[in-house]
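**Student:** Provided herewith: final23.cif, mmCIF, C-alpha atoms.
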```cif
data_work
#
loop_
_atom_site.label_atom_id
_atom_site.label_comp_id
_atom_site.auth_asym_id
_atom_site.auth_seq_id
_atom_site.Cartn_x
_atom_site.Cartn_y
_atom_site.Cartn_z
CA MET X 1 109.16 105.14 -11.49
CA LEU X 2 112.43 103.61 -12.60
CA ILE X 3 112.35 99.93 -13.45
CA LEU X 4 115.57 98.07 -14.09
CA SER X 5 117.21 94.66 -13.85
CA ARG X 6 120.12 93.78 -11.63
CA LYS X 7 122.17 90.63 -11.25
CA MET X 8 123.49 89.18 -8.02
CA ASN X 9 125.90 91.49 -6.22
CA GLU X 10 125.08 94.40 -8.49
CA LYS X 11 124.10 97.65 -6.84
CA ILE X 12 121.73 100.53 -7.29
CA MET X 13 122.82 103.93 -6.03
CA ILE X 14 120.18 106.34 -4.75
CA GLY X 15 121.80 109.72 -4.53
CA GLU X 16 125.39 109.66 -3.34
CA ASP X 17 124.97 107.97 0.02
CA VAL X 18 122.44 105.20 -0.39
CA SER X 19 123.21 101.93 -2.12
CA ILE X 20 121.12 98.81 -2.53
CA THR X 21 122.79 95.49 -3.29
CA ILE X 22 121.12 92.30 -4.46
CA ILE X 23 122.74 89.77 -2.12
CA GLU X 24 120.83 86.60 -2.84
CA ILE X 25 117.97 85.37 -4.98
CA ARG X 26 116.21 82.22 -3.85
CA GLY X 27 112.83 81.31 -5.32
CA ASP X 28 110.45 84.23 -4.79
CA GLN X 29 112.64 85.83 -2.13
CA VAL X 30 115.32 88.39 -2.72
CA LYS X 31 117.82 89.33 -0.04
CA ILE X 32 118.82 92.95 -0.27
CA GLY X 33 121.56 94.91 1.43
CA VAL X 34 120.86 98.56 2.12
CA GLU X 35 123.73 100.87 2.93
CA ALA X 36 122.61 104.30 4.01
CA PRO X 37 123.70 107.02 6.42
CA LYS X 38 122.27 106.57 9.90
CA THR X 39 120.08 109.63 9.42
CA VAL X 40 118.18 107.87 6.63
CA LYS X 41 115.25 105.84 7.91
CA VAL X 42 115.05 102.44 6.26
CA PHE X 43 112.03 100.24 7.00
CA ARG X 44 110.18 97.36 5.45
CA GLN X 45 107.09 98.95 3.92
CA GLU X 46 104.80 96.83 6.15
CA VAL X 47 106.32 98.35 9.30
CA TYR X 48 105.73 101.88 8.07
CA GLU X 49 102.18 101.01 7.01
CA ALA X 50 101.46 99.31 10.33
CA ILE X 51 102.38 102.48 12.23
CA GLN X 52 100.28 104.61 9.88
CA SER X 53 97.28 102.35 10.16
CA GLU X 54 97.59 102.13 13.96
CA ASN X 55 97.71 105.94 14.13
CA ARG X 56 94.51 106.09 12.10
CA ALA X 57 92.87 103.58 14.45
CA ALA X 58 94.12 105.54 17.48
CA ALA X 59 92.66 108.75 16.08
CA LYS X 60 89.23 107.10 16.07
CA THR X 61 89.38 106.39 19.82
CA PRO X 62 86.09 107.62 21.31
CA VAL X 63 86.14 110.50 23.78
CA ASN X 64 84.19 108.57 26.39
CA LEU X 65 86.91 106.94 28.51
CA GLU X 66 84.74 104.92 30.86
CA SER X 67 86.29 101.72 29.52
CA LEU X 68 89.60 102.82 31.06
CA SER X 69 88.31 103.13 34.59
CA ASN X 70 88.94 99.46 35.40
CA ILE X 71 92.55 99.43 34.26
CA LYS X 72 94.96 99.34 37.16
CA LEU X 73 98.39 100.61 36.30
CA GLN X 74 101.42 100.50 38.52
CA MET K 1 95.60 130.39 24.87
CA GLU K 2 92.28 128.67 24.27
CA ILE K 3 91.88 125.76 21.89
CA GLU K 4 88.96 123.64 20.76
CA THR K 5 89.42 119.98 21.74
CA LYS K 6 87.91 116.71 20.63
CA ALA K 7 87.13 115.44 24.13
CA MET K 8 86.67 118.48 26.35
CA GLY K 9 85.31 121.37 24.33
CA ARG K 10 87.19 124.66 24.67
CA VAL K 11 90.17 124.37 26.97
CA THR K 12 92.70 126.90 28.17
CA ILE K 13 96.24 125.64 27.75
CA LEU K 14 99.62 126.97 28.73
CA GLU K 15 102.56 127.46 26.42
CA LYS K 16 104.43 124.63 28.19
CA GLN K 17 101.71 122.12 27.19
CA LEU K 18 102.40 122.70 23.50
CA ILE K 19 104.60 120.39 21.48
CA ASN K 20 105.82 120.71 17.93
CA LEU K 21 106.16 117.64 15.71
CA ALA K 22 108.12 118.74 12.65
CA GLN K 23 107.22 115.51 10.83
CA GLY K 24 103.81 115.00 12.43
CA PHE K 25 102.43 111.55 13.20
CA TYR K 26 102.74 108.97 10.42
CA GLY K 27 99.63 109.28 8.28
CA PHE K 28 98.92 112.75 9.71
CA GLY K 29 102.04 114.56 8.52
CA GLN K 30 100.26 117.82 7.85
CA TYR K 31 99.58 118.51 11.56
CA HIS K 32 102.48 119.73 13.64
CA SER K 33 101.19 121.52 16.73
CA PHE K 34 99.68 119.54 19.58
CA ALA K 35 98.83 120.18 23.21
CA LEU K 36 99.32 117.65 26.01
CA ILE K 37 96.20 117.69 28.16
CA ASP K 38 95.43 115.42 31.13
CA ALA K 39 92.50 113.15 30.34
CA GLU K 40 89.70 112.72 32.85
CA GLN K 41 91.07 109.21 33.48
CA LYS K 42 94.57 109.47 34.86
CA PRO K 43 97.30 108.73 33.96
CA PHE K 44 96.07 108.99 30.39
CA ILE K 45 96.62 112.16 28.41
CA TRP K 46 95.20 113.60 25.23
CA ILE K 47 97.59 114.68 22.52
CA GLN K 48 95.30 117.25 20.96
CA SER K 49 95.96 118.95 17.63
CA THR K 50 95.76 122.73 17.98
CA GLU K 51 95.15 122.93 14.24
CA LYS K 52 92.31 120.43 13.88
CA PRO K 53 89.95 120.04 16.87
CA GLU K 54 88.70 116.61 15.84
CA LEU K 55 92.25 115.20 15.75
CA ALA K 56 93.39 113.90 19.13
CA PHE K 57 95.27 110.85 20.32
CA LEU K 58 94.94 109.26 23.71
CA ALA K 59 98.32 108.32 25.16
CA ILE K 60 100.08 106.94 28.19
CA ASP K 61 103.56 106.71 29.64
CA PRO K 62 104.44 103.21 28.34
CA PHE K 63 106.69 102.43 31.31
CA LEU K 64 103.64 102.56 33.58
CA PHE K 65 102.21 99.43 32.06
CA ARG K 66 105.36 97.74 30.79
CA PRO K 67 108.22 98.36 33.21
CA ASP K 68 110.39 96.27 30.89
CA TYR K 69 109.83 98.64 27.96
CA GLU K 70 112.99 99.79 26.20
CA ILE K 71 113.65 102.26 23.46
CA ASP K 72 116.82 101.85 21.46
CA ILE K 73 117.10 104.39 18.67
CA GLU K 74 120.04 105.69 16.70
CA ASP K 75 121.07 109.01 18.22
CA SER K 76 121.19 110.47 14.74
CA LEU K 77 117.45 109.84 14.30
CA LEU K 78 116.79 111.78 17.49
CA ALA K 79 119.20 114.57 16.52
CA PRO K 80 116.38 116.91 15.36
CA LEU K 81 115.10 116.98 18.95
CA LYS K 82 118.45 118.33 20.25
CA ILE K 83 118.21 116.30 23.45
CA ALA K 84 120.86 117.41 25.94
CA SER K 85 120.12 114.94 28.72
CA PRO K 86 118.16 111.66 28.92
CA SER K 87 116.18 113.17 31.78
CA ASP K 88 114.67 115.69 29.36
CA VAL K 89 112.98 112.93 27.36
CA LEU K 90 109.27 112.23 27.61
CA VAL K 91 107.85 109.11 25.98
CA PHE K 92 104.23 108.37 25.15
CA ALA K 93 102.54 105.37 23.60
CA LEU K 94 99.36 106.04 21.61
CA ILE K 95 96.27 104.21 22.83
CA THR K 96 93.62 102.70 20.60
CA ILE K 97 90.17 102.03 22.02
CA PRO K 98 88.33 100.16 19.27
CA THR K 99 84.68 101.07 18.85
CA ASP K 100 83.79 97.39 18.32
CA GLY K 101 84.57 96.45 21.93
CA GLY K 102 87.93 94.85 21.11
CA PRO K 103 90.84 95.11 23.54
CA ILE K 104 92.29 98.51 24.39
CA THR K 105 95.81 98.58 23.01
CA ALA K 106 98.96 100.64 23.26
CA ASN K 107 101.34 101.17 20.35
CA LEU K 108 104.82 100.42 21.67
CA GLN K 109 106.41 100.21 18.23
CA GLY K 110 105.72 103.82 17.30
CA PRO K 111 106.31 105.86 20.48
CA LEU K 112 106.14 109.63 20.60
CA ILE K 113 109.39 111.05 21.90
CA ILE K 114 109.51 114.60 23.21
CA ASN K 115 112.31 116.80 24.44
CA ARG K 116 110.57 118.60 27.27
CA GLU K 117 113.22 121.34 27.27
CA ASN K 118 112.26 122.62 23.83
CA ASN K 119 108.96 120.77 23.33
CA GLU K 120 110.09 119.27 20.03
CA GLY K 121 108.87 115.76 19.37
CA LEU K 122 108.81 112.97 16.82
CA GLN K 123 107.16 109.62 16.34
CA ALA K 124 109.84 106.96 16.24
CA ILE K 125 109.58 103.51 14.70
CA LEU K 126 111.32 100.85 16.74
CA THR K 127 112.84 97.82 15.07
CA ASP K 128 112.96 95.58 18.15
CA PRO K 129 110.44 92.79 17.41
CA ARG K 130 109.30 92.78 21.06
CA TRP K 131 107.47 96.07 20.49
CA GLN K 132 104.36 95.93 18.34
CA THR K 133 101.61 98.33 17.37
CA LYS K 134 98.99 96.55 19.52
CA HIS K 135 99.78 95.62 23.13
CA ASP K 136 96.71 94.66 25.16
CA LEU K 137 96.67 97.21 27.95
CA VAL K 138 94.61 95.17 30.39
CA ALA K 139 96.31 91.81 29.87
CA GLU K 140 99.86 93.14 29.90
CA SER K 141 99.53 95.60 32.78
CA SER K 142 98.12 92.94 35.09
CA ALA K 143 100.67 90.36 33.93
CA GLY K 144 103.48 92.77 34.78
CA ARG K 145 102.27 93.53 38.28
CA GLY K 146 103.71 90.37 39.76
CA ARG K 147 107.26 91.21 38.72
#
```
Written as structure tokens, that's how I'd like the structure from this file.
**Tutor:**
Amino acid sequence: MLILSRKMNEKIMIGEDVSITIIEIRGDQVKIGVEAPKTVKVFRQEVYEAIQSENRAAAKTPVNLESLSNIKLQ
Amino acid sequence: MEIETKAMGRVTILEKQLINLAQGFYGFGQYHSFALIDAEQKPFIWIQSTEKPELAFLAIDPFLFRPDYEIDIEDSLLAPLKIASPSDVLVFALITIPTDGGPITANLQGPLIINRENNEGLQAILTDPRWQTKHDLVAESSAGRGR
């Protein structure tokens, strides 16, 4: 892990195409600008974790599907 | 070919039922080969791992229960699927049936997108705040019927 300090409007480069800029610091919130090629997926960590955890919950779905028999779909 | 399934024992499947997820599902990245098998309750399907019998996801066409569903993804993120025409795209939302009796939900934030021409697929993550990981299947499908 790399740990470093940055001031407002200073950047971090990750590789040659990804840059992270500290845009604003207000209390315990930091606003960050991420510039990356469109092929690079950039997410808040919570979003990524939510999908992972929902997949784990989905994988535990029981094989008995009786509970679905009452659902009327269009 | 015959595969062992979580829900239906040994099942014979055709080549065209197989899909390949180069990145796998989030949290299950080591599994790449799945078969799409109709569940006993239509229109649900099982997305069954061909590598691990106990790994299977129940899924549904999300547009069946949310006609207003929309997927807006950067083309570059879909580039690995080599989609030639929008009509080649299949979309599935994974279903969670909790064992504690909680509501049955569909994950509209992380849909599975498949190019049915080459059977390559990926799990996308949508950034539109309308689409969450838990949409109540019963409540939202009946709410939408009046539209």
**Student:** Extract, using all atoms listed in the file, all DNA, RNA and protein residues at most 12 Å from Ser53 (chain X), discarding same-chain residues fewer than 6 positions from it, and format them as a PyMOL selection string.
**Tutor:** (chain X and resi 46-47+59-60) or (chain K and resi 25-28+96+107+110+133-134)
**Student:** So which residues get picked by the PyMOL selection byres ((chain K) within 6 of (chain X)) here, written as a list of chain:residue names?
**Tutor:** K:Ala7, K:Tyr26, K:Gly27, K:Phe57, K:Leu64, K:Phe65, K:Ser76, K:Leu77, K:Ile95, K:Thr96, K:Ile97
**Student:** Could you tell me which residues the PyMOL selection byres ((chain K and resi 125-131) around 6) returns for this structure, as a PyMOL selection string?
**Tutor:** chain K and resi 108-110+124+132
**Student:** Could you tell me how far CA of Arg66 (chain K) lies from CA of Gly121 (chain K), in Å and to one decimal?
**Tutor:**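 According to the coordinates, CA of Arg66 (chain K) and CA of Gly121 (chain K) are separated by 21.6 Å.
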**Student:** Taking the file as I've supplied it (selection: the PyMOL selection byres ((chain K and resi 24) around 12)), which residues are included? Please answer as an MDAnalysis selection string.
**Tutor:** (chainID X and resid 52 55) or (chainID K and resid 19:23 25:34 47 49 51 112:113 120:124)
**Student:** Can you list, as a count of residues only, every protein, DNA or RNA residue that comes within 10 Å of Glu24 (chain X) when you count all atoms listed in the file, leaving out same-chain residues fewer than 6 positions away?
**Tutor:** 7
**Student:** Do a neighbour search on Ser19 (chain X) at 9 Å with only C-alpha atoms, toss out local chain neighbours closer than 5 positions, and write the hits as a list in words.
**Tutor:**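 Answer for this query is Lys11, Ile12, Met13, Ile14, Gly33, Val34, Glu35 and Ala36 of chain X.
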**Student:** Using CA of Pro43 (chain K) and CA of Leu55 (chain K) as the two end points, give the distance in Å to one decimal.
**Tutor:**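 About the pair CA of Pro43 (chain K) and CA of Leu55 (chain K): they are 20.0 Å apart.
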**Student:** Could you check how far CA of Glu40 (chain K) sits from CA of Lys6 (chain K), in Å to one decimal?
**Tutor:** 13.0 Å
**Student:** Will you model N, CA and C atoms for region 75-105 of chain K and pass it back as a PDB file, in the coordinates of the input?
**Tutor:**
```pdb
ATOM      1  N   ASP K  75     121.037 107.612  17.787  1.00  0.00           N
ATOM      2  CA  ASP K  75     121.070 109.010  18.220  1.00  0.00           C
ATOM      3  C   ASP K  75     120.826 109.962  17.060  1.00  0.00           C
ATOM      4  N   SER K  76     121.314 109.557  15.885  1.00  0.00           N
ATOM      5  CA  SER K  76     121.190 110.470  14.740  1.00  0.00           C
ATOM      6  C   SER K  76     119.726 110.692  14.359  1.00  0.00           C
ATOM      7  N   LEU K  77     118.873 109.672  14.617  1.00  0.00           N
ATOM      8  CA  LEU K  77     117.450 109.840  14.300  1.00  0.00           C
ATOM      9  C   LEU K  77     116.771 110.788  15.280  1.00  0.00           C
ATOM     10  N   LEU K  78     117.358 110.873  16.485  1.00  0.00           N
ATOM     11  CA  LEU K  78     116.790 111.780  17.490  1.00  0.00           C
ATOM     12  C   LEU K  78     117.430 113.169  17.421  1.00  0.00           C
ATOM     13  N   ALA K  79     118.457 113.314  16.580  1.00  0.00           N
ATOM     14  CA  ALA K  79     119.200 114.570  16.520  1.00  0.00           C
ATOM     15  C   ALA K  79     118.302 115.800  16.351  1.00  0.00           C
ATOM     16  N   PRO K  80     117.208 115.707  15.526  1.00  0.00           N
ATOM     17  CA  PRO K  80     116.380 116.910  15.360  1.00  0.00           C
ATOM     18  C   PRO K  80     115.784 117.417  16.673  1.00  0.00           C
ATOM     19  N   LEU K  81     115.705 116.551  17.684  1.00  0.00           N
ATOM     20  CA  LEU K  81     115.100 116.980  18.950  1.00  0.00           C
ATOM     21  C   LEU K  81     116.105 117.717  19.846  1.00  0.00           C
ATOM     22  N   LYS K  82     117.406 117.632  19.486  1.00  0.00           N
ATOM     23  CA  LYS K  82     118.450 118.330  20.250  1.00  0.00           C
ATOM     24  C   LYS K  82     118.374 118.014  21.751  1.00  0.00           C
ATOM     25  N   ILE K  83     118.327 116.719  22.057  1.00  0.00           N
ATOM     26  CA  ILE K  83     118.210 116.300  23.450  1.00  0.00           C
ATOM     27  C   ILE K  83     119.571 116.435  24.135  1.00  0.00           C
ATOM     28  N   ALA K  84     119.597 117.198  25.239  1.00  0.00           N
ATOM     29  CA  ALA K  84     120.860 117.410  25.940  1.00  0.00           C
ATOM     30  C   ALA K  84     121.071 116.364  27.025  1.00  0.00           C
ATOM     31  N   SER K  85     119.996 115.889  27.607  1.00  0.00           N
ATOM     32  CA  SER K  85     120.120 114.940  28.720  1.00  0.00           C
ATOM     33  C   SER K  85     118.964 113.941  28.650  1.00  0.00           C
ATOM     34  N   PRO K  86     119.244 112.660  28.962  1.00  0.00           N
ATOM     35  CA  PRO K  86     118.160 111.660  28.920  1.00  0.00           C
ATOM     36  C   PRO K  86     116.990 112.040  29.822  1.00  0.00           C
ATOM     37  N   SER K  87     117.264 112.825  30.860  1.00  0.00           N
ATOM     38  CA  SER K  87     116.180 113.170  31.780  1.00  0.00           C
ATOM     39  C   SER K  87     115.208 114.184  31.173  1.00  0.00           C
ATOM     40  N   ASP K  88     115.568 114.738  30.024  1.00  0.00           N
ATOM     41  CA  ASP K  88     114.670 115.690  29.360  1.00  0.00           C
ATOM     42  C   ASP K  88     113.650 114.979  28.462  1.00  0.00           C
ATOM     43  N   VAL K  89     113.794 113.652  28.339  1.00  0.00           N
ATOM     44  CA  VAL K  89     112.980 112.930  27.360  1.00  0.00           C
ATOM     45  C   VAL K  89     111.660 112.466  27.964  1.00  0.00           C
ATOM     46  N   LEU K  90     110.593 112.748  27.267  1.00  0.00           N
ATOM     47  CA  LEU K  90     109.270 112.230  27.610  1.00  0.00           C
ATOM     48  C   LEU K  90     108.870 111.236  26.533  1.00  0.00           C
ATOM     49  N   VAL K  91     108.269 110.122  26.950  1.00  0.00           N
ATOM     50  CA  VAL K  91     107.850 109.110  25.980  1.00  0.00           C
ATOM     51  C   VAL K  91     106.362 108.820  26.185  1.00  0.00           C
ATOM     52  N   PHE K  92     105.639 108.756  25.090  1.00  0.00           N
ATOM     53  CA  PHE K  92     104.230 108.370  25.150  1.00  0.00           C
ATOM     54  C   PHE K  92     103.935 107.291  24.137  1.00  0.00           C
ATOM     55  N   ALA K  93     103.057 106.368  24.538  1.00  0.00           N
ATOM     56  CA  ALA K  93     102.540 105.370  23.600  1.00  0.00           C
ATOM     57  C   ALA K  93     101.095 105.747  23.284  1.00  0.00           C
ATOM     58  N   LEU K  94     100.733 105.711  21.995  1.00  0.00           N
ATOM     59  CA  LEU K  94      99.360 106.040  21.610  1.00  0.00           C
ATOM     60  C   LEU K  94      98.444 104.869  21.941  1.00  0.00           C
ATOM     61  N   ILE K  95      97.271 105.202  22.424  1.00  0.00           N
ATOM     62  CA  ILE K  95      96.270 104.210  22.830  1.00  0.00           C
ATOM     63  C   ILE K  95      95.188 104.119  21.765  1.00  0.00           C
ATOM     64  N   THR K  96      94.775 102.896  21.470  1.00  0.00           N
ATOM     65  CA  THR K  96      93.620 102.700  20.600  1.00  0.00           C
ATOM     66  C   THR K  96      92.513 102.025  21.396  1.00  0.00           C
ATOM     67  N   ILE K  97      91.359 102.674  21.454  1.00  0.00           N
ATOM     68  CA  ILE K  97      90.170 102.030  22.020  1.00  0.00           C
ATOM     69  C   ILE K  97      89.254 101.739  20.844  1.00  0.00           C
ATOM     70  N   PRO K  98      89.148 100.456  20.445  1.00  0.00           N
ATOM     71  CA  PRO K  98      88.330 100.160  19.270  1.00  0.00           C
ATOM     72  C   PRO K  98      86.852 100.378  19.598  1.00  0.00           C
ATOM     73  N   THR K  99      86.108 100.818  18.606  1.00  0.00           N
ATOM     74  CA  THR K  99      84.680 101.070  18.850  1.00  0.00           C
ATOM     75  C   THR K  99      83.889  99.760  18.820  1.00  0.00           C
ATOM     76  N   ASP K 100      84.524  98.661  18.396  1.00  0.00           N
ATOM     77  CA  ASP K 100      83.790  97.390  18.320  1.00  0.00           C
ATOM     78  C   ASP K 100      83.931  96.570  19.614  1.00  0.00           C
ATOM     79  N   GLY K 101      84.462  97.166  20.663  1.00  0.00           N
ATOM     80  CA  GLY K 101      84.570  96.450  21.930  1.00  0.00           C
ATOM     81  C   GLY K 101      85.809  95.587  22.042  1.00  0.00           C
ATOM     82  N   GLY K 102      86.674  95.613  21.063  1.00  0.00           N
ATOM     83  CA  GLY K 102      87.930  94.850  21.110  1.00  0.00           C
ATOM     84  C   GLY K 102      88.839  95.393  22.200  1.00  0.00           C
ATOM     85  N   PRO K 103      89.959  94.693  22.449  1.00  0.00           N
ATOM     86  CA  PRO K 103      90.840  95.110  23.540  1.00  0.00           C
ATOM     87  C   PRO K 103      91.441  96.509  23.312  1.00  0.00           C
ATOM     88  N   ILE K 104      91.625  97.213  24.420  1.00  0.00           N
ATOM     89  CA  ILE K 104      92.290  98.510  24.390  1.00  0.00           C
ATOM     90  C   ILE K 104      93.785  98.253  24.237  1.00  0.00           C
ATOM     91  N   THR K 105      94.410  98.896  23.283  1.00  0.00           N
ATOM     92  CA  THR K 105      95.810  98.580  23.010  1.00  0.00           C
ATOM     93  C   THR K 105      96.686  99.826  23.039  1.00  0.00           C
TER      94      THR K 105
END
```
